[in-house]
Amino acid sequence: HEDRALSPSCWSELGAFESEAGGLRFASADLGLFVFQYGLDLLDLRGWRAPGGPDLPAAAALAVEANRRVCHAASARFRTYRRFWGLSAGDGPDDAADHAYRDYAPPGPIDGTAHLTAAAASVAHAPGAVLENLYEAERDAALAVHGRYGFSNVNLDREWVGRDMVGIDAGALMLALDNFLADDRVRAVFHDVPCVAAGCERLGFTRAVPVRLAS
């Protein structure tokens with residue numbers, strides 16, 4: 001409802017909250033992979049420029065690289081990270097129950113759990129690393145990490161594979177794959193919704209001017 005709408009000035013009040021992970025500095029570096037996926041799977045930031053000039057896709061690419069670096073650095077302590085990478089909020093092994101939800105992220109907690117589906121949703125930023133992750137999981141039939149709906153979380157150090165594959169991660173993966181393979185189709189459909197364009201304009205987003213190549 002118009003009377004209950006937030007003021008457009010709320011966007012400009014948001015801070016970047018930069019920190020460091022994996023030797024890289026970027027906004028929200030203390031958070032897991034999912035933070036850099038859900039919104040950007042829908043927003044077309046090639047066609048729209050955010051007010052203030054934050055480069056959100058660039059931050060997402062740095063987040064993926066930092067995530068991989070942190071997993072690699074932890075590979076001496078955890079066998080999982082010698083084969084897999086991916087730190088994102090989700091299930092992991094637990095002593096008192098079959099699993100427990102934790103906010104896995106580069107600063108921690110880190111216990112040898114890799115979130116394969118969350119990592120796969122980063123395909124636009126690191127396609128080679130994503131495919132290597134999935135190939136390693138797929139070829140190990142004894143691990144049984146590939147279920148009906150996708151790839152479960154895995155922790156080799158605890159000999160644990162998640163019984164569930166979280167639906168919201170599967171959704172992010174489907175959006176990311178469609179954008180990657182079909183030239184941002186999901187983003188195009190999203191921005192065709194009139195209220196989305198109106199909301200972007202109210203927040204101060206501007207339409208990017210397409211570059212015209214000389215004939």
# chains A, B, ... in the order shown; residues from 1 in each chain; ligands from 1

call {"tool": "select_by_dssp", "arguments": {"residues": "chain A", "states": "helix (DSSP H, G or I)", "output": "PyMOL selection string"}}
result
chain A and resi 2-4+9-13+33-36+56-73+79-82+116-120+127-139+141-143+167-181+185-191+194-203

call {"tool": "residues_around", "arguments": {"residues": "A:Ala137", "least_positions_apart": "3", "cutoff": "9 Å", "atoms": "only C-alpha atoms", "output": "JSON, numbers by chain"}}
result
{"A": [83, 84, 116, 132, 133, 134, 140, 141, 143, 144, 145, 146, 151]}

call {"tool": "write_last_selection", "arguments": {"atoms": "C-alpha atoms", "output": "PDB file, in the first residue's frame"}}
result
ATOM      1  CA  ARG A  83      37.899 -32.054  -2.561  1.00  0.00           C
ATOM      2  CA  PHE A  84      35.035 -29.595  -2.112  1.00  0.00           C
ATOM      3  CA  LEU A 116      27.578 -27.967  -2.809  1.00  0.00           C
ATOM      4  CA  GLU A 132      34.881 -29.287 -10.714  1.00  0.00           C
ATOM      5  CA  ASN A 133      32.989 -29.320  -7.397  1.00  0.00           C
ATOM      6  CA  LEU A 134      29.977 -31.085  -8.923  1.00  0.00           C
ATOM      7  CA  ASP A 140      31.962 -40.633  -6.013  1.00  0.00           C
ATOM      8  CA  ALA A 141      28.996 -43.005  -5.985  1.00  0.00           C
ATOM      9  CA  LEU A 143      29.416 -40.764  -1.098  1.00  0.00           C
ATOM     10  CA  ALA A 144      25.761 -40.698  -2.216  1.00  0.00           C
ATOM     11  CA  VAL A 145      25.623 -36.918  -2.099  1.00  0.00           C
ATOM     12  CA  HIS A 146      23.456 -36.516  -5.221  1.00  0.00           C
ATOM     13  CA  PHE A 151      23.373 -32.113  -4.074  1.00  0.00           C
TER      14      PHE A 151
END

call {"tool": "closest_residue", "arguments": {"among": "A:Asn153, A:Gln37, A:Thr206, A:Thr80", "to": "A:Ala172", "atoms": "only C-alpha atoms"}}
result
A:Gln37

call {"tool": "atom_distance", "arguments": {"atom1": "atom CA of A:Asp178", "atom2": "atom CA of A:Ala50"}}
result
23.1 Å

call {"tool": "atom_distance", "arguments": {"atom1": "atom CA of A:Asp111", "atom2": "atom CA of A:Gly23"}}
result
20.2 Å
